[in-house]
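Visitor: What follows is my_file_21.tsv, TSV, C-alpha atoms.
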chain	number	residue	atom	x	y	z
A	1	MET	CA	-1.60	20.80	-17.01
A	2	MET	CA	0.59	21.45	-13.95
A	3	ILE	CA	1.04	18.54	-11.57
A	4	GLU	CA	0.53	19.59	-7.96
A	5	GLN	CA	3.65	19.24	-5.83
A	6	VAL	CA	3.80	19.37	-2.06
A	7	GLU	CA	6.40	19.02	0.69
A	8	LEU	CA	6.01	16.06	2.98
A	9	PRO	CA	8.00	14.26	5.69
A	10	ILE	CA	9.50	11.10	4.17
A	11	PHE	CA	10.19	7.73	5.79
A	12	PRO	CA	12.40	5.68	3.41
A	13	LEU	CA	11.63	1.97	3.80
A	14	ALA	CA	11.95	-1.24	1.78
A	15	ILE	CA	8.14	-1.47	1.38
A	16	LEU	CA	5.65	0.01	-1.08
A	17	PRO	CA	2.10	0.16	0.27
A	18	ILE	CA	-0.94	0.24	-2.03
A	19	LEU	CA	-3.94	2.49	-1.47
A	20	ASN	CA	-6.15	1.21	1.43
A	21	GLU	CA	-3.39	-1.09	2.71
A	22	ARG	CA	-2.66	-1.03	6.43
A	23	ILE	CA	0.98	-1.36	7.45
A	24	PRO	CA	2.41	-2.03	10.94
A	25	LEU	CA	5.60	-0.09	11.68
A	26	HIS	CA	8.04	-0.27	14.59
A	27	ILE	CA	9.42	3.21	15.32
A	28	PHE	CA	12.74	3.24	17.14
A	29	GLU	CA	15.21	5.74	15.62
A	30	PRO	CA	15.16	9.18	17.31
A	31	ARG	CA	14.38	10.97	14.01
A	32	TYR	CA	11.34	8.80	13.34
A	33	ARG	CA	10.22	9.09	16.95
A	34	GLN	CA	10.25	12.85	16.32
A	35	LEU	CA	8.25	12.25	13.12
A	36	LEU	CA	5.67	10.24	15.07
A	37	GLN	CA	5.34	13.06	17.63
A	38	ASP	CA	4.76	15.58	14.84
A	39	VAL	CA	2.28	13.29	13.05
A	40	GLU	CA	0.31	12.81	16.27
A	41	SER	CA	0.30	16.47	17.33
A	42	ALA	CA	-0.54	17.92	13.90
A	43	GLN	CA	-2.52	14.94	12.53
A	44	MET	CA	-0.43	15.17	9.40
A	45	GLN	CA	0.34	12.68	6.68
A	46	PHE	CA	3.80	11.44	5.75
A	47	GLY	CA	5.34	9.55	2.87
A	48	ILE	CA	6.82	6.07	2.79
A	49	TYR	CA	9.35	6.10	-0.02
A	50	TYR	CA	10.31	2.71	-1.45
A	51	SER	CA	14.09	2.94	-1.09
A	52	HIS	CA	15.31	0.30	-3.51
A	53	GLY	CA	17.20	0.32	-6.81
A	54	LEU	CA	14.15	-1.20	-8.54
A	55	ASN	CA	12.24	2.02	-7.89
A	56	LYS	CA	13.38	3.85	-11.03
A	57	ASP	CA	10.21	5.98	-11.05
A	58	ARG	CA	10.76	7.09	-7.42
A	59	MET	CA	7.35	5.95	-6.23
A	60	GLY	CA	6.05	6.04	-2.69
A	61	ALA	CA	2.92	5.98	-0.58
A	62	ILE	CA	1.22	8.74	1.39
A	63	VAL	CA	0.07	7.34	4.72
A	64	GLU	CA	-1.95	8.44	7.73
A	65	LEU	CA	-1.53	7.24	11.29
A	66	GLU	CA	-4.41	4.96	12.27
A	67	ALA	CA	-3.27	3.89	15.73
A	68	VAL	CA	-0.39	3.74	18.15
A	69	VAL	CA	-0.58	0.07	19.07
A	70	LYS	CA	2.08	0.06	21.80
A	71	ARG	CA	4.48	2.51	23.44
A	72	TYR	CA	7.64	1.19	25.05
A	73	GLN	CA	9.48	2.70	28.02
A	74	THR	CA	12.51	3.06	25.75
A	75	GLY	CA	10.59	5.59	23.60
A	76	GLU	CA	9.96	3.11	20.78
A	77	SER	CA	6.45	2.55	19.42
A	78	ASP	CA	4.46	0.11	17.33
A	79	ILE	CA	2.04	1.92	15.04
A	80	MET	CA	-0.46	1.15	12.29
A	81	VAL	CA	-0.64	3.39	9.22
A	82	LYS	CA	-2.99	3.33	6.25
A	83	CYS	CA	-2.04	4.22	2.68
A	84	VAL	CA	-4.26	7.04	1.36
A	85	ASP	CA	-2.48	7.83	-1.92
A	86	THR	CA	0.67	7.23	-3.95
A	87	PHE	CA	3.26	9.70	-5.15
A	88	LEU	CA	6.30	10.36	-7.28
A	89	LEU	CA	9.26	11.80	-5.36
A	90	THR	CA	10.71	14.80	-7.19
A	91	LYS	CA	13.22	15.97	-4.55
A	92	PHE	CA	14.56	14.33	-1.39
A	93	TYR	CA	16.06	16.06	1.68
A	94	ASN	CA	18.11	14.10	4.20
A	95	LYS	CA	16.71	16.49	6.81
A	96	PHE	CA	13.34	18.20	6.64
A	97	SER	CA	14.85	21.25	8.33
A	98	PRO	CA	14.62	22.03	11.22
A	99	LYS	CA	13.51	18.44	11.90
A	100	LEU	CA	15.75	15.39	12.27
A	101	TYR	CA	13.74	13.25	9.85
A	102	PRO	CA	13.92	13.34	6.03
A	103	GLY	CA	11.45	15.07	3.76
A	104	GLY	CA	10.88	15.82	0.14
A	105	ILE	CA	8.81	17.30	-2.60
A	106	ILE	CA	6.26	14.88	-4.01
A	107	ALA	CA	3.67	14.79	-6.78
A	108	PRO	CA	0.56	13.00	-5.45
A	109	LEU	CA	-0.97	10.64	-8.03
A	110	LYS	CA	-4.54	10.83	-6.65
A	111	ALA	CA	-4.94	7.06	-6.94
A	112	TYR	CA	-8.29	7.21	-5.12
A	113	GLU	CA	-10.00	9.20	-7.88
A	114	GLU	CA	-10.56	6.30	-10.29
A	115	SER	CA	-11.06	3.16	-8.25
A	116	SER	CA	-14.40	1.48	-9.07
A	117	VAL	CA	-14.35	-1.78	-11.03
A	118	SER	CA	-16.46	-3.39	-13.77
A	119	GLU	CA	-19.17	-5.89	-12.88
A	120	GLU	CA	-17.23	-8.68	-14.62
A	121	PHE	CA	-14.14	-7.98	-12.52
A	122	ARG	CA	-16.29	-7.70	-9.39
A	123	ASP	CA	-17.72	-11.19	-10.10
A	124	GLN	CA	-14.24	-12.57	-10.72
A	125	PHE	CA	-13.03	-11.26	-7.36
A	126	ARG	CA	-16.12	-12.53	-5.51
A	127	ALA	CA	-15.55	-16.02	-6.96
A	128	PHE	CA	-11.94	-15.90	-5.75
A	129	MET	CA	-12.99	-14.80	-2.25
A	130	ALA	CA	-15.67	-17.52	-2.12
A	131	LEU	CA	-12.92	-20.13	-2.65
A	132	LYS	CA	-11.19	-18.66	0.40
A	133	ASP	CA	-14.41	-19.21	2.42
A	134	TYR	CA	-14.78	-15.47	2.90
A	135	GLN	CA	-18.20	-14.87	4.48
A	136	GLY	CA	-18.18	-11.11	4.97
A	137	LYS	CA	-19.60	-8.37	2.81
A	138	ILE	CA	-17.49	-7.74	-0.23
A	139	ASP	CA	-17.52	-3.99	-0.76
A	140	PHE	CA	-14.27	-3.12	-2.47
A	141	ASP	CA	-12.47	-1.02	-5.03
A	142	ILE	CA	-9.58	-1.82	-7.37
A	143	HIS	CA	-6.96	-1.11	-4.70
A	144	ASP	CA	-8.59	-3.49	-2.19
A	145	VAL	CA	-8.19	-6.27	-4.78
A	146	ALA	CA	-4.51	-5.39	-5.24
A	147	VAL	CA	-4.01	-5.50	-1.45
A	148	GLU	CA	-5.84	-8.85	-1.17
A	149	LEU	CA	-3.63	-10.37	-3.89
A	150	ASN	CA	-0.53	-9.46	-1.84
A	151	LEU	CA	1.43	-8.49	-4.96
A	152	ASP	CA	5.18	-8.93	-4.93
A	153	ILE	CA	7.27	-5.77	-5.21
A	154	GLY	CA	7.72	-6.04	-8.99
A	155	ASP	CA	3.96	-6.31	-9.51
A	156	ARG	CA	3.32	-3.48	-7.04
A	157	LEU	CA	5.56	-1.18	-9.04
A	158	ARG	CA	3.92	-2.24	-12.33
A	159	TYR	CA	0.43	-1.80	-10.86
A	160	LEU	CA	1.10	1.65	-9.42
A	161	LYS	CA	2.58	2.87	-12.71
A	162	LEU	CA	-0.71	2.04	-14.47
A	163	LEU	CA	-2.71	5.21	-13.93
A	164	ASP	CA	-5.65	4.11	-16.10
A	165	ILE	CA	-8.37	2.12	-14.27
A	166	HIS	CA	-8.94	-0.22	-17.24
A	167	LYS	CA	-5.24	-1.09	-17.47
A	168	ARG	CA	-5.12	-1.69	-13.72
A	169	GLU	CA	-8.16	-3.94	-13.92
A	170	ALA	CA	-6.69	-5.96	-16.83
A	171	PHE	CA	-3.40	-6.31	-14.94
A	172	LEU	CA	-5.09	-7.50	-11.73
A	173	SER	CA	-7.52	-9.74	-13.63
A	174	GLU	CA	-4.58	-11.74	-14.96
A	175	ARG	CA	-3.10	-12.08	-11.46
A	176	LEU	CA	-6.53	-12.96	-10.04
A	177	ARG	CA	-7.01	-15.79	-12.57
A	178	TYR	CA	-3.60	-17.20	-11.68
A	179	ARG	CA	-4.20	-17.00	-7.91
A	180	LYS	CA	-7.65	-18.60	-8.35
A	181	PHE	CA	-6.12	-21.46	-10.34
A	182	ILE	CA	-3.45	-22.05	-7.65
A	183	LEU	CA	-6.07	-21.94	-4.89
A	184	GLU	CA	-8.31	-24.42	-6.76
A	185	GLN	CA	-5.35	-26.81	-7.14
A	186	GLU	CA	-4.54	-26.52	-3.42
A	187	LEU	CA	-8.16	-27.27	-2.53
A	188	LYS	CA	-8.21	-30.32	-4.83
A	189	VAL	CA	-5.04	-31.68	-3.21
A	190	ARG	CA	-6.51	-31.08	0.24
A	191	ASP	CA	-9.80	-32.80	-0.70
A	192	ASN	CA	-7.95	-35.77	-2.23
A	193	PHE	CA	-5.82	-36.08	0.89
A	194	PHE	CA	-8.89	-36.29	3.11
A	195	LEU	CA	-10.59	-38.84	0.81
A	196	ASN	CA	-7.75	-41.41	1.00
Is it possible to give me this structure as structure tokens?

Guide:
Amino acid sequence: MMIEQVELPIFPLAILPILNERIPLHIFEPRYRQLLQDVESAQMQFGIYYSHGLNKDRMGAIVELEAVVKRYQTGESDIMVKCVDTFLLTKFYNKFSPKLYPGGIIAPLKAYEESSVSEEFRDQFRAFMALKDYQGKIDFDIHDVAVELNLDIGDRLRYLKLLDIHKREAFLSERLRYRKFILEQELKVRDNFFLN
């Protein structure tokens, strides 16, 4: 089976978004201001490539512009992007000719295709959110749980490498149990403090 590969503008950063995660960015370099102009005019996606030595698999996130939050007189902007998929970078260009900004050839991983969770995992996540006094509707997929857990970069890389939904669920279930335990301990300490 051939893996689809596409060319995409690339924004190397020291972050690795997960599907459904919203990321605020401050755009100030001329090349990325040009990228923002192109993204706005063509409503195109771009890649955030995690530019760190830990990223041996050359993973990144495909994002879409959600909003320009603020434009400055200097030409800088604050924007909000949302991760819509993940990718493996197969080739990187310092300039996405004739543009100033970088680009590359990527293999999208189609992370959105398998994202529903088991009922047991759903209950586990609801119990965790109840401890946080979350009152809203909990309609979520596996990636929303990963975003909520605010995984560190090592765990993000491990999670994104797991392409099987059952392996992702087992991985997050372990992290969810740990976070729930920590939260329960914090709540006990808080309650004991107020009782004294």

Visitor: Between A:Phe87, A:Thr74, A:Leu19, A:Ser115, which is the closest to Gly47 (chain A) once you count only C-alpha atoms?

Guide: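 Of A:Phe87, A:Thr74, A:Leu19, A:Ser115, the one nearest Gly47 (chain A) is A:Phe87, counting only C-alpha atoms.
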
Visitor: Can you pull out every residue within 8 Å of Cys83 (chain A), counting all atoms listed in the file, but drop anything in the same chain fewer than 2 positions away, and send it as JSON, numbers by chain?

Guide: {"A": [17, 18, 19, 20, 21, 22, 23, 61, 62, 63, 64, 81, 85, 86]}

Visitor: What does the distance between CA of Phe11 (chain A) and CA of Ile48 (chain A) come to in Å, to one decimal place?

Guide: 4.8 Å

Visitor: Would you mind listing what lies within 8 Å of region 152-157 of chain A as a ChimeraX atom specification, with all atoms listed in the file counted and same-chain residues fewer than 6 positions away left out?

Guide: /A:15-16,18,55,59

Visitor: Suppose we keep C-alpha atoms; can you now write the selection as a PDB file, in the coordinates of the input?

Guide:
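Generated output (result_23.pdb):
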ATOM      1  CA  ILE A  15       8.140  -1.470   1.380  1.00  0.00           C
ATOM      2  CA  LEU A  16       5.650   0.010  -1.080  1.00  0.00           C
ATOM      3  CA  ILE A  18      -0.940   0.240  -2.030  1.00  0.00           C
ATOM      4  CA  ASN A  55      12.240   2.020  -7.890  1.00  0.00           C
ATOM      5  CA  MET A  59       7.350   5.950  -6.230  1.00  0.00           C
TER       6      MET A  59
END

Visitor: With all atoms listed in the file as the basis for distance, which of A:Arg179, A:Leu187, A:Asn150, A:Leu25 is at the shortest distance from Lys70 (chain A)?

Guide: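 Checking each of A:Arg179, A:Leu187, A:Asn150, A:Leu25 against Lys70 (chain A), counting all atoms listed in the file, the winner is A:Leu25.
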
Visitor: Could you tell me how far CA of Asp133 (chain A) lies from CA of Leu149 (chain A), in Å and to one decimal?

Guide: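 So the answer is 15.3 Å.
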
Visitor: Would you pick out the contacts of Ile138 (chain A) at 10 Å or less, using only C-alpha atoms, so that residues sharing its chain but fewer than 6 positions from it are not included, and give the list as a short mmCIF file (atom, residue, chain, number, x, y, z; two decimals) with C-alpha atoms, keeping the file's coordinate frame?

Guide:
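Saved file out29.cif follows:
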data_model
loop_
_atom_site.label_atom_id
_atom_site.label_comp_id
_atom_site.auth_asym_id
_atom_site.auth_seq_id
_atom_site.Cartn_x
_atom_site.Cartn_y
_atom_site.Cartn_z
CA ARG A 122 -16.29 -7.70 -9.39
CA PHE A 125 -13.03 -11.26 -7.36
CA ARG A 126 -16.12 -12.53 -5.51
CA MET A 129 -12.99 -14.80 -2.25
#

Visitor: Between A:Val84, A:Leu65, A:Ile27, A:Leu172, which residue has the minimum interatomic distance to Met44 (chain A), considering all atoms listed in the file?

Guide: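 Using all atoms listed in the file, the shortest distance to Met44 (chain A) belongs to A:Leu65.
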
Visitor: For each of A:Leu183, A:Ile10, A:Val68, A:Leu89, take the minimum atom-to-atom distance to Ala107 (chain A), counting only C-alpha atoms, then give the residue where this is smallest.

Guide: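 Closest residue, counting only C-alpha atoms: A:Leu89.
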
Visitor: To one decimal place, how far is CA of Lys82 (chain A) from CA of Tyr49 (chain A) in Å?

Guide: 14.1 Å

Visitor: Would you mind telling me which residue in A:Pro9, A:Gly53, A:Pro24, A:Pro108 lies nearest to Val39 (chain A) when using only C-alpha atoms?

Guide: A:Pro9
